[in-house]
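Asks: Contents of start02.txt (compact mmCIF, C-alpha atoms (C1' of nucleotides)) are given next:
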```txt
# COMPACT_ATOMS: atom_id res chain seq x y z
CA MET A 70 135.50 97.91 115.58
CA LEU A 71 135.24 101.67 115.25
CA THR A 72 132.15 103.37 116.62
CA PHE A 73 130.53 106.49 115.21
CA CYS A 74 132.85 106.61 112.22
CA GLY A 75 132.18 107.13 108.54
CA GLN A 76 129.68 109.32 106.75
CA ASP A 77 126.33 109.10 104.98
CA ARG A 78 124.05 111.22 102.93
CA CYS A 79 120.30 110.98 103.15
CA LEU A 80 117.13 112.97 102.66
CA MET A 81 115.33 114.74 105.46
CA ASP A 82 111.65 113.95 104.98
CA GLY A 83 108.83 116.47 104.73
CA ASN A 84 108.36 116.52 108.51
CA GLY A 85 111.99 117.15 109.40
CA ARG A 86 112.85 113.57 110.18
CA ILE A 87 116.00 111.63 109.38
CA LYS A 88 116.38 107.90 109.05
CA LEU A 89 119.70 106.75 110.48
CA GLY A 90 121.58 103.95 108.77
CA GLN A 91 121.87 100.59 110.46
CA HIS A 92 125.46 101.01 111.66
CA TRP A 93 124.64 104.29 113.43
CA LEU A 94 121.66 102.62 115.04
CA ASP A 95 123.87 99.83 116.29
CA ASP A 96 126.34 102.34 117.72
CA PHE A 97 123.61 104.28 119.52
CA ALA A 98 121.96 101.13 120.77
CA ALA A 99 125.26 100.03 122.27
CA ALA A 100 126.10 103.42 123.75
CA CYS A 101 122.82 104.62 125.21
CA ASP A 102 119.86 102.48 124.23
CA GLY A 103 118.53 105.17 121.93
CA GLU A 104 118.41 108.01 124.48
CA ILE A 105 120.25 110.82 122.78
CA VAL A 106 120.80 114.55 123.05
CA LEU A 107 120.61 116.89 120.08
CA HIS A 108 122.89 119.88 120.35
CA CYS A 109 123.45 122.79 117.97
CA LEU A 110 127.14 123.46 117.43
CA PRO A 111 128.59 126.93 116.81
CA GLU A 112 129.86 125.60 113.46
CA GLY A 113 126.23 125.43 112.32
CA ALA A 114 125.42 121.73 112.54
CA VAL A 115 123.35 119.59 114.88
CA ALA A 116 125.22 116.99 116.91
CA LEU A 117 123.65 113.78 118.19
CA TYR A 118 125.35 112.47 121.30
CA PRO A 119 124.54 109.64 123.64
CA GLU A 120 123.06 111.21 126.74
CA ALA A 121 126.03 110.37 128.94
CA VAL A 122 128.47 111.95 126.49
CA TYR A 123 126.54 115.19 126.48
CA GLY A 124 126.26 115.18 130.26
CA GLU A 125 130.02 114.96 130.60
CA MET A 126 130.60 117.77 128.08
CA ARG A 127 128.14 119.98 129.87
CA ARG A 128 129.68 119.31 133.26
CA ARG A 129 133.08 120.49 132.05
CA GLU A 130 131.62 123.59 130.48
CA LEU A 131 129.83 124.49 133.70
CA GLU A 132 133.07 124.35 135.64
CA GLU A 133 134.61 126.76 133.19
CA VAL A 134 131.70 129.16 133.44
CA GLU A 135 131.87 129.15 137.21
CA ARG A 136 135.46 130.22 137.06
CA ALA A 137 134.52 133.22 134.91
CA ALA A 138 131.14 133.71 136.50
CA SER A 139 129.22 136.90 136.47
CA SER A 140 125.48 136.52 136.23
CA PHE A 141 125.30 137.70 132.62
CA VAL A 142 127.90 135.20 131.53
CA ALA A 143 126.33 132.40 133.53
CA ARG A 144 122.85 133.11 132.24
CA ARG A 145 124.11 133.25 128.67
CA SER A 146 125.84 129.93 128.99
CA MET A 147 122.71 128.32 130.37
CA ARG A 148 120.66 130.00 127.71
CA ARG A 149 122.81 128.69 124.93
CA PHE A 150 122.93 125.15 126.25
CA GLY A 151 119.31 125.15 127.29
CA ALA A 152 117.97 126.58 124.08
CA LEU A 153 120.21 124.59 121.77
CA ALA A 154 120.02 121.16 123.33
CA ALA A 155 117.16 118.69 123.56
CA SER A 156 116.63 115.11 124.65
CA GLU A 157 115.19 112.71 122.17
CA ARG A 158 114.74 109.07 121.55
CA ILE A 159 115.39 107.19 118.34
CA THR A 160 112.08 105.72 117.19
CA ARG A 161 111.43 102.05 116.61
CA GLN A 162 111.99 102.51 112.89
CA GLY A 163 115.29 104.29 113.41
CA ARG A 164 114.17 107.84 112.81
CA ILE A 165 114.80 111.03 114.73
CA THR A 166 112.97 114.32 114.37
CA ILE A 167 115.02 117.50 114.31
CA PRO A 168 113.04 120.26 116.06
CA PRO A 169 112.11 123.18 113.78
CA ALA A 170 114.35 125.67 115.57
CA PHE A 171 117.35 123.34 115.23
CA ARG A 172 116.60 122.77 111.54
CA GLU A 173 116.65 126.48 110.99
CA TYR A 174 119.86 126.87 112.97
CA ALA A 175 121.66 124.25 110.91
CA ALA A 176 120.01 125.12 107.57
CA LEU A 177 118.42 121.69 107.28
CA GLU A 178 115.48 122.02 104.91
CA PRO A 179 112.78 119.36 104.98
CA GLY A 180 113.13 117.46 101.71
CA SER A 181 116.79 118.36 101.25
CA GLU A 182 119.88 116.21 101.33
CA VAL A 183 121.86 116.19 104.57
CA CYS A 184 125.20 114.71 105.60
CA ILE A 185 125.52 112.43 108.58
CA ILE A 186 129.07 112.55 109.85
CA GLY A 187 130.58 110.23 112.42
CA VAL A 188 132.60 112.13 115.02
CA GLU A 189 133.80 109.22 117.15
CA ILE A 190 131.66 110.13 120.18
CA GLY A 191 128.43 110.67 118.23
CA VAL A 192 127.28 111.93 114.85
CA GLU A 193 126.68 115.33 113.32
CA ILE A 194 123.94 116.33 110.90
CA TRP A 195 125.13 118.87 108.34
CA ASN A 196 123.64 120.86 105.56
CA ALA A 197 125.47 119.39 102.55
CA GLU A 198 126.93 122.65 101.33
CA ARG A 199 128.05 123.76 104.76
CA TYR A 200 129.76 120.46 105.28
CA ARG A 201 131.76 120.87 102.09
CA THR A 202 132.96 124.28 103.28
CA GLU A 203 133.81 122.94 106.72
CA MET A 204 135.94 120.18 105.28
CA MET A 205 137.81 122.65 103.13
CA THR A 206 138.50 124.77 106.21
CA ILE A 207 139.88 121.76 108.05
CA GLN A 208 141.98 120.71 105.09
CA SER A 209 143.59 124.09 104.51
CA HIS A 210 144.22 124.53 108.20
CA LEU A 211 146.08 121.24 108.26
CA LEU A 212 148.11 122.07 105.17
CA ARG A 213 149.13 125.37 106.67
CA LYS A 214 150.11 123.67 109.86
CA GLY A 215 152.20 121.25 107.84
CA GLU A 216 154.06 124.08 106.17
CA GLU A 217 154.87 125.63 109.51
CA GLU A 218 156.07 122.30 110.79
CA MET A 219 158.47 122.00 107.88
CA THR A 220 159.71 125.55 108.42
CA ALA A 221 160.26 124.90 112.10
CA ASP A 222 162.25 121.82 111.18
CA LEU A 223 164.62 123.99 109.19
CA THR A 224 165.08 126.62 111.89
CA PRO A 225 167.48 125.54 114.65
CA GLU A 226 165.78 125.41 118.02
CA ARG A 227 166.79 128.13 120.39
CA GLU A 228 165.79 129.60 123.72
CA GLU A 229 162.89 132.01 123.48
CA ARG A 230 163.20 135.32 125.20
CA MET B 140 116.78 113.09 130.31
CA LEU B 141 117.45 116.81 130.14
CA THR B 142 115.12 119.18 131.96
CA PHE B 143 114.14 122.66 130.84
CA CYS B 144 115.91 122.28 127.51
CA GLY B 145 114.86 123.12 123.98
CA GLN B 146 112.80 126.00 122.66
CA ASP B 147 109.32 126.74 121.37
CA ARG B 148 107.45 129.48 119.65
CA CYS B 149 103.85 130.24 120.44
CA LEU B 150 101.30 133.01 120.42
CA MET B 151 100.44 135.05 123.46
CA ASP B 152 96.66 135.25 123.50
CA GLY B 153 94.60 138.43 123.67
CA ASN B 154 94.65 138.38 127.48
CA GLY B 155 98.40 138.03 127.89
CA ARG B 156 98.37 134.31 128.51
CA ILE B 157 100.79 131.68 127.24
CA LYS B 158 100.17 127.98 126.82
CA LEU B 159 103.23 125.96 127.77
CA GLY B 160 104.05 122.83 125.78
CA GLN B 161 103.69 119.45 127.41
CA HIS B 162 107.39 118.87 128.08
CA TRP B 163 107.71 122.17 129.97
CA LEU B 164 104.65 121.26 132.00
CA ASP B 165 106.22 117.93 132.89
CA ASP B 166 109.44 119.66 133.93
CA PHE B 167 107.60 122.15 136.14
CA ALA B 168 105.36 119.48 137.59
CA ALA B 169 108.43 117.49 138.58
CA ALA B 170 110.33 120.48 139.94
CA CYS B 171 107.70 122.41 141.86
CA ASP B 172 104.18 121.15 141.30
CA GLY B 173 103.27 124.22 139.27
CA GLU B 174 104.27 126.88 141.83
CA ILE B 175 106.54 129.19 139.89
CA VAL B 176 108.12 132.62 140.11
CA LEU B 177 108.14 135.11 137.25
CA HIS B 178 111.15 137.36 137.17
CA CYS B 179 112.16 140.11 134.74
CA LEU B 180 115.77 139.76 133.62
CA PRO B 181 118.06 142.70 132.76
CA GLU B 182 118.34 141.19 129.26
CA GLY B 183 114.70 142.14 128.71
CA ALA B 184 112.91 138.83 129.07
CA VAL B 185 110.73 137.20 131.69
CA ALA B 186 112.11 134.12 133.39
CA LEU B 187 109.93 131.38 134.89
CA TYR B 188 111.67 129.50 137.68
CA PRO B 189 110.44 126.84 140.06
CA GLU B 190 109.89 128.54 143.39
CA ALA B 191 112.77 126.75 145.08
CA VAL B 192 115.19 127.71 142.31
CA TYR B 193 114.27 131.35 142.59
CA GLY B 194 114.55 131.24 146.36
CA GLU B 195 118.07 129.88 146.14
CA MET B 196 119.13 132.48 143.55
CA ARG B 197 117.74 135.26 145.66
CA ARG B 198 119.45 134.01 148.79
CA ARG B 199 122.84 134.02 147.07
CA GLU B 200 122.28 137.44 145.61
CA LEU B 201 121.36 138.85 149.02
CA GLU B 202 124.49 137.41 150.60
CA GLU B 203 126.56 139.12 147.98
CA VAL B 204 124.80 142.41 148.45
CA GLU B 205 125.25 142.28 152.20
CA ARG B 206 128.94 141.68 151.85
CA ALA B 207 129.22 144.86 149.81
CA ALA B 208 126.44 146.51 151.74
CA SER B 209 125.62 150.08 151.73
CA SER B 210 121.96 150.81 152.30
CA PHE B 211 121.52 152.19 148.80
CA VAL B 212 122.74 149.02 147.17
CA ALA B 213 120.73 146.80 149.47
CA ARG B 214 117.55 148.82 149.08
CA ARG B 215 117.90 148.92 145.35
CA SER B 216 118.44 145.19 145.11
CA MET B 217 115.35 144.53 147.17
CA ARG B 218 113.40 147.08 145.20
CA ARG B 219 114.34 145.52 141.91
CA PHE B 220 113.59 141.97 142.96
CA GLY B 221 110.47 142.98 144.77
CA ALA B 222 109.06 144.89 141.85
CA LEU B 223 110.15 142.50 139.13
CA ALA B 224 109.23 139.15 140.60
CA ALA B 225 105.85 137.56 141.21
CA SER B 226 104.52 134.18 142.27
CA GLU B 227 102.12 132.40 140.01
CA ARG B 228 100.63 129.03 139.42
CA ILE B 229 100.30 127.16 136.15
CA THR B 230 96.60 126.61 135.46
CA ARG B 231 95.01 123.25 134.95
CA GLN B 232 95.21 123.63 131.18
CA GLY B 233 98.86 124.59 131.27
CA ARG B 234 98.59 128.32 130.85
CA ILE B 235 100.24 131.18 132.70
CA THR B 236 99.29 134.84 132.64
CA ILE B 237 102.08 137.38 132.36
CA PRO B 238 101.20 140.50 134.41
CA PRO B 239 100.78 143.66 132.30
CA ALA B 240 103.83 145.39 133.80
CA PHE B 241 106.03 142.39 132.99
CA ARG B 242 104.63 142.18 129.47
CA GLU B 243 105.61 145.76 128.89
CA TYR B 244 109.06 145.20 130.39
CA ALA B 245 109.76 142.30 128.04
CA ALA B 246 107.95 143.74 125.01
CA LEU B 247 105.45 140.88 124.95
CA GLU B 248 102.42 142.10 123.03
CA PRO B 249 99.14 140.23 123.45
CA GLY B 250 98.52 138.48 120.15
CA SER B 251 102.20 138.42 119.17
CA GLU B 252 104.59 135.54 118.76
CA VAL B 253 106.89 134.81 121.69
CA CYS B 254 109.81 132.43 122.19
CA ILE B 255 109.92 130.03 125.10
CA ILE B 256 113.53 129.18 125.82
CA GLY B 257 114.79 126.43 128.09
CA VAL B 258 117.66 127.57 130.32
CA GLU B 259 118.33 124.34 132.23
CA ILE B 260 116.91 125.60 135.54
CA GLY B 261 113.71 127.12 134.15
CA VAL B 262 112.43 128.82 131.02
CA GLU B 263 112.51 132.32 129.63
CA ILE B 264 109.80 134.10 127.67
CA TRP B 265 111.22 136.34 124.97
CA ASN B 266 109.95 138.77 122.44
CA ALA B 267 110.84 136.97 119.19
CA GLU B 268 112.94 139.75 117.73
CA ARG B 269 114.85 140.37 120.96
CA TYR B 270 115.62 136.69 121.20
CA ARG B 271 117.06 136.65 117.71
CA THR B 272 119.39 139.51 118.63
CA GLU B 273 120.42 137.84 121.88
CA MET B 274 121.30 134.60 120.12
CA MET B 275 123.31 136.43 117.48
CA THR B 276 125.30 138.06 120.26
CA ILE B 277 126.02 134.70 121.84
CA GLN B 278 126.81 133.10 118.47
CA SER B 279 129.27 135.72 117.30
CA HIS B 280 131.02 135.64 120.63
CA LEU B 281 131.50 131.90 120.27
CA LEU B 282 132.68 132.17 116.68
CA ARG B 283 135.29 134.68 117.71
CA LYS B 284 136.44 132.36 120.44
CA GLY B 285 136.68 129.59 117.85
CA GLU B 286 138.85 131.66 115.54
CA GLU B 287 141.26 132.42 118.34
CA GLU B 288 141.44 128.76 119.19
CA MET B 289 142.36 127.87 115.62
CA THR B 290 145.00 130.59 115.45
CA ALA B 291 146.52 129.35 118.68
CA ASP B 292 146.68 125.87 117.17
CA LEU B 293 148.81 127.17 114.31
CA THR B 294 151.25 129.10 116.45
CA PRO B 295 154.01 126.82 117.74
CA GLU B 296 153.76 126.35 121.46
CA ARG B 297 156.15 128.39 123.48
CA GLU B 298 156.70 129.38 127.05
CA GLU B 299 154.44 132.15 128.24
CA ARG B 300 156.15 135.05 129.91
C1' DG C 223 74.32 148.39 148.55
C1' DT C 224 73.08 147.54 143.93
C1' DT C 225 73.75 147.60 139.19
C1' DG C 226 76.42 147.81 135.07
C1' DA C 227 80.51 147.39 132.40
C1' DA C 228 84.87 145.58 131.70
C1' DA C 229 88.22 142.35 132.35
C1' DA C 230 89.89 137.96 133.61
C1' DT C 231 89.34 133.07 133.85
C1' DG C 232 88.27 128.38 132.60
C1' DG C 233 86.81 125.25 129.31
C1' DA C 234 85.65 123.25 124.88
C1' DA C 235 85.66 122.81 119.89
C1' DA C 236 88.06 123.33 115.59
C1' DA C 237 92.24 123.48 113.14
C1' DA C 238 96.88 122.28 112.49
C1' DA C 239 100.80 119.63 113.16
C1' DA C 240 103.35 115.65 114.52
C1' DT C 241 103.73 110.73 114.87
C1' DG C 242 103.87 105.91 113.60
C1' DG C 243 103.36 102.55 110.38
C1' DA C 244 103.05 100.52 105.86
C1' DT C 245 103.78 100.49 101.04
C1' DT C 246 106.54 101.58 97.14
C1' DA C 247 110.85 102.55 94.97
C1' DT C 248 115.71 102.16 94.79
C1' DT C 249 120.08 100.33 95.56
C1' DT C 250 123.15 96.77 96.78
C1' DT C 251 124.74 92.11 96.91
C1' DG C 252 125.22 87.46 95.61
C1' DC D 103 119.64 89.00 86.79
C1' DA D 104 117.18 88.01 91.00
C1' DA D 105 116.68 88.58 95.78
C1' DA D 106 117.40 91.06 99.77
C1' DA D 107 118.07 95.09 102.12
C1' DT D 108 117.74 99.79 102.46
C1' DA D 109 115.71 104.21 101.67
C1' DA D 110 111.87 107.28 100.57
C1' DT D 111 107.04 108.38 100.11
C1' DC D 112 102.47 108.32 101.54
C1' DC D 113 98.54 107.96 104.59
C1' DA D 114 95.82 107.30 108.85
C1' DT D 115 95.81 108.32 113.59
C1' DT D 116 96.89 110.84 117.49
C1' DT D 117 98.38 114.77 119.75
C1' DT D 118 98.98 119.55 120.17
C1' DT D 119 97.84 124.21 119.30
C1' DT D 120 94.78 127.86 118.57
C1' DT D 121 90.54 130.15 118.59
C1' DC D 122 86.28 131.03 120.46
C1' DC D 123 82.68 131.34 123.94
C1' DA D 124 80.46 131.21 128.54
C1' DT D 125 81.01 132.16 133.24
C1' DT D 126 82.95 134.48 137.02
C1' DT D 127 85.20 138.20 139.11
C1' DT D 128 86.47 142.95 139.73
C1' DC D 129 85.94 147.74 139.67
C1' DA D 130 83.23 151.85 139.44
C1' DA D 131 79.24 154.64 139.37
C1' DC D 132 74.81 155.57 140.98
```
In structure tokens, write the structure found in this file.

Replies:
Amino acid sequence: MLTFCGQDRCLMDGNGRIKLGQHWLDDFAAACDGEIVLHCLPEGAVALYPEAVYGEMRRRELEEVERAASSFVARRSMRRFGALAASERITRQGRITIPPAFREYAALEPGSEVCIIGVEIGVEIWNAERYRTEMMTIQSHLLRKGEEEMTADLTPEREER
Amino acid sequence: MLTFCGQDRCLMDGNGRIKLGQHWLDDFAAACDGEIVLHCLPEGAVALYPEAVYGEMRRRELEEVERAASSFVARRSMRRFGALAASERITRQGRITIPPAFREYAALEPGSEVCIIGVEIGVEIWNAERYRTEMMTIQSHLLRKGEEEMTADLTPEREER
DNA sequence: GTTGAAAATGGAAAAAAATGGATTATTTTG
DNA sequence: CAAAATAATCCATTTTTTTCCATTTTCAAC
């Protein structure tokens, strides 16, 4: 059985809360007992990861920063991850509250329709319009890649110099 | 559970005091029992670190300075950290007072709105407008990185030389 | 040293916001 | 078409935030 796959649409209520569908709840219950991390992605959406998943991501990132470390870079990395991540718990009735700053970041208006997108390791909450654009970006990128693949198949392989 | 993560907005009162939200208070209580160090960052904000965290940062910085030591560099490092750091204690009702000189440094007007930003090892107090600019800097840097990643994905892999 | 003014501090009350639950409406399924 | 399940709205309660006030402390002048 696939976990964290599929997509939903639902309304964010007047207080910035989202009710997750039953299958998401099951996935989160299995993965982390409801302890999740909200994280704002550069793409302009809010990701919901099981705590352990986020911890692993963050660990890798930290290694990278240390390699490149100057104090400005290090502070900015911590600032971004600190400011744009938060622990939360799914409530007994399957709701999570998106903090006001995160709502603003991801253009999630209370009362508006949002997309809940499974991303295999968690879910993402998208502004509906932004999500449409994102999917078009992915699609056209793939098509372009396909074209290049076909071209490469025509061109005989040779040593690069 | 993540510590020192998330962000808040609140008003600095007429006497230059800030009320920290409950989750920050819990984090500080766990880390240092309320004994904190205020420190002005080059970015133009005031950081609040648990005493031990600041001590460790300072120790590392000093080692670095000594390795490169000329007396000018060493004196200036000590001058900067001496002048721009101060011990304080969170009051029983969860408030801290920002000293006037630090307020001026970070453009924190009494009566104005400030941002409280989690940075994983402590929090930072920002002038709201400055924070917006800082986050835009970080965001556009990341977006540029993303674009380059996507371009690289299109270009067929080849040996680097 | 004493008195007065100003500022800082601590606390409490009022206002606002967030939370949890329950009811109502809608959709889905048999 | 009916029943069940799901989703959305509403409301009461609790918590948090903000404002205000009283007390203490500090500094300065007499």

Asks: Listing only residues of chain A within 12 Å of chain C, what is the closest atom pair and its distance in Å (to one decimal) for each, using all atoms listed in the file, sorted by chain and residue number ascending, as JSON lines?

Replies:
```
{"residue": "A:Gly83", "atom": "CA", "partner": "C:DA240", "partner_atom": "C1'", "distance": 11.2}
{"residue": "A:Asn84", "atom": "CA", "partner": "C:DA240", "partner_atom": "C1'", "distance": 7.9}
{"residue": "A:Gly85", "atom": "CA", "partner": "C:DA240", "partner_atom": "C1'", "distance": 10.2}
{"residue": "A:Arg86", "atom": "CA", "partner": "C:DT241", "partner_atom": "C1'", "distance": 10.6}
{"residue": "A:Thr160", "atom": "CA", "partner": "C:DG242", "partner_atom": "C1'", "distance": 9.0}
{"residue": "A:Arg161", "atom": "CA", "partner": "C:DG242", "partner_atom": "C1'", "distance": 9.0}
{"residue": "A:Gln162", "atom": "CA", "partner": "C:DG242", "partner_atom": "C1'", "distance": 8.8}
{"residue": "A:Gly163", "atom": "CA", "partner": "C:DG242", "partner_atom": "C1'", "distance": 11.5}
{"residue": "A:Arg164", "atom": "CA", "partner": "C:DG242", "partner_atom": "C1'", "distance": 10.5}
{"residue": "A:Ile165", "atom": "CA", "partner": "C:DT241", "partner_atom": "C1'", "distance": 11.1}
{"residue": "A:Thr166", "atom": "CA", "partner": "C:DA240", "partner_atom": "C1'", "distance": 9.7}
{"residue": "A:Ile167", "atom": "CA", "partner": "C:DA240", "partner_atom": "C1'", "distance": 11.8}
{"residue": "A:Pro168", "atom": "CA", "partner": "C:DA240", "partner_atom": "C1'", "distance": 10.8}
{"residue": "A:Pro169", "atom": "CA", "partner": "C:DA240", "partner_atom": "C1'", "distance": 11.6}
```

Asks: Give me the residues of chain B that have any atom at most 9 Å from an atom of chain D; for each, the nearest atom pair and the distance in Å, rounded to one decimal. Use all atoms listed in the file, sort by chain and number, and format it as CSV.

Replies:
```
residue,atom,partner,partner_atom,distance
B:Cys149,CA,D:DT119,C1',8.6
B:Leu150,CA,D:DT120,C1',8.5
B:Lys158,CA,D:DT119,C1',8.7
B:Gly160,CA,D:DT118,C1',8.2
B:Gln161,CA,D:DT118,C1',8.6
```

Asks: Keeping only C-alpha atoms, write the selected residues as a PDB file, keeping the file's coordinate frame.

Replies:
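part-v6.pdb, freshly written:
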```pdb
ATOM      1  CA  CYS B 149     103.850 130.240 120.440  1.00  0.00           C
ATOM      2  CA  LEU B 150     101.300 133.010 120.420  1.00  0.00           C
ATOM      3  CA  LYS B 158     100.170 127.980 126.820  1.00  0.00           C
ATOM      4  CA  GLY B 160     104.050 122.830 125.780  1.00  0.00           C
ATOM      5  CA  GLN B 161     103.690 119.450 127.410  1.00  0.00           C
TER       6      GLN B 161
END
```

Asks: Can you work out which residues from chain B touch chain A at a cut-off of 10 Å (counting all atoms listed in the file) and hand them back as a ChimeraX atom specification?

Replies: /B:140-148,180-182,200,255-263,273-274,276-282,285,289-290,292-295,297-300

Asks: Quick one, how far is atom CA of Leu164 of chain B from atom CA of Trp265 of chain B?

Replies: 17.9 Å

Asks: Between atom CA of Ser251 of chain B and atom CA of Asp152 of chain B, what is the spacing in Å?

Replies: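 Computing the Euclidean distance for atom CA of Asp152 of chain B and atom CA of Ser251 of chain B yields 7.7 Å.
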
Asks: Please compute the atom CA of Cys109 of chain A-atom CA of Ala176 of chain A distance, one decimal, in Å.

Replies: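 Atom CA of Ala176 of chain A lies at a distance of 11.2 Å from atom CA of Cys109 of chain A.
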
Asks: Report the centre and edge lengths, in Å to one decimal, of an axis-aligned box enclosing every atom of segment 177-187 of chain B listed in the file, padded by 4 Å on each side, as AutoDock Vina command-line options.

Replies:
```
--center_x 113.2 --center_y 137.0 --center_z 133.0 --size_x 18.2 --size_y 19.3 --size_z 16.5
```

Asks: Where atoms are absent from segment 255-274 of chain B, fill them in so it carries N, CA and C atoms, then output it as an mmCIF file, in the coordinates of the input.

Replies:
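Output file part_8.cif is given in full below:
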```
data_model
loop_
_atom_site.group_PDB
_atom_site.id
_atom_site.type_symbol
_atom_site.label_atom_id
_atom_site.label_comp_id
_atom_site.auth_asym_id
_atom_site.auth_seq_id
_atom_site.Cartn_x
_atom_site.Cartn_y
_atom_site.Cartn_z
ATOM 1 N N ILE B 255 109.770 130.641 123.782
ATOM 2 C CA ILE B 255 109.920 130.030 125.100
ATOM 3 C C ILE B 255 111.225 129.250 125.078
ATOM 4 N N ILE B 256 112.169 129.674 125.905
ATOM 5 C CA ILE B 256 113.530 129.180 125.820
ATOM 6 C C ILE B 256 113.919 128.439 127.083
ATOM 7 N N GLY B 257 114.303 127.192 126.937
ATOM 8 C CA GLY B 257 114.790 126.430 128.090
ATOM 9 C C GLY B 257 116.155 126.917 128.515
ATOM 10 N N VAL B 258 116.359 127.110 129.828
ATOM 11 C CA VAL B 258 117.660 127.570 130.320
ATOM 12 C C VAL B 258 118.159 126.661 131.447
ATOM 13 N N GLU B 259 117.829 125.397 131.342
ATOM 14 C CA GLU B 259 118.330 124.340 132.230
ATOM 15 C C GLU B 259 117.745 124.351 133.632
ATOM 16 N N ILE B 260 117.522 125.555 134.202
ATOM 17 C CA ILE B 260 116.910 125.600 135.540
ATOM 18 C C ILE B 260 115.499 126.171 135.504
ATOM 19 N N GLY B 261 115.026 126.526 134.319
ATOM 20 C CA GLY B 261 113.710 127.120 134.150
ATOM 21 C C GLY B 261 113.536 127.493 132.690
ATOM 22 N N VAL B 262 112.583 128.358 132.403
ATOM 23 C CA VAL B 262 112.430 128.820 131.020
ATOM 24 C C VAL B 262 112.368 130.338 130.992
ATOM 25 N N GLU B 263 112.625 130.878 129.809
ATOM 26 C CA GLU B 263 112.510 132.320 129.630
ATOM 27 C C GLU B 263 111.523 132.605 128.509
ATOM 28 N N ILE B 264 110.734 133.662 128.699
ATOM 29 C CA ILE B 264 109.800 134.100 127.670
ATOM 30 C C ILE B 264 110.386 135.338 127.003
ATOM 31 N N TRP B 265 110.581 135.241 125.698
ATOM 32 C CA TRP B 265 111.220 136.340 124.970
ATOM 33 C C TRP B 265 110.325 136.881 123.870
ATOM 34 N N ASN B 266 110.402 138.163 123.677
ATOM 35 C CA ASN B 266 109.950 138.770 122.440
ATOM 36 C C ASN B 266 110.799 138.166 121.314
ATOM 37 N N ALA B 267 110.145 137.742 120.226
ATOM 38 C CA ALA B 267 110.840 136.970 119.190
ATOM 39 C C ALA B 267 112.046 137.715 118.610
ATOM 40 N N GLU B 268 111.864 138.973 118.352
ATOM 41 C CA GLU B 268 112.940 139.750 117.730
ATOM 42 C C GLU B 268 114.118 139.942 118.692
ATOM 43 N N ARG B 269 113.795 140.217 119.948
ATOM 44 C CA ARG B 269 114.850 140.370 120.960
ATOM 45 C C ARG B 269 115.645 139.080 121.111
ATOM 46 N N TYR B 270 114.938 137.974 121.041
ATOM 47 C CA TYR B 270 115.620 136.690 121.200
ATOM 48 C C TYR B 270 116.613 136.458 120.069
ATOM 49 N N ARG B 271 116.186 136.806 118.871
ATOM 50 C CA ARG B 271 117.060 136.650 117.710
ATOM 51 C C ARG B 271 118.364 137.440 117.918
ATOM 52 N N THR B 272 118.214 138.674 118.368
ATOM 53 C CA THR B 272 119.390 139.510 118.630
ATOM 54 C C THR B 272 120.277 138.894 119.706
ATOM 55 N N GLU B 273 119.658 138.439 120.779
ATOM 56 C CA GLU B 273 120.420 137.840 121.880
ATOM 57 C C GLU B 273 121.224 136.641 121.393
ATOM 58 N N MET B 274 120.595 135.788 120.590
ATOM 59 C CA MET B 274 121.300 134.600 120.120
ATOM 60 C C MET B 274 122.415 134.949 119.161
#
```
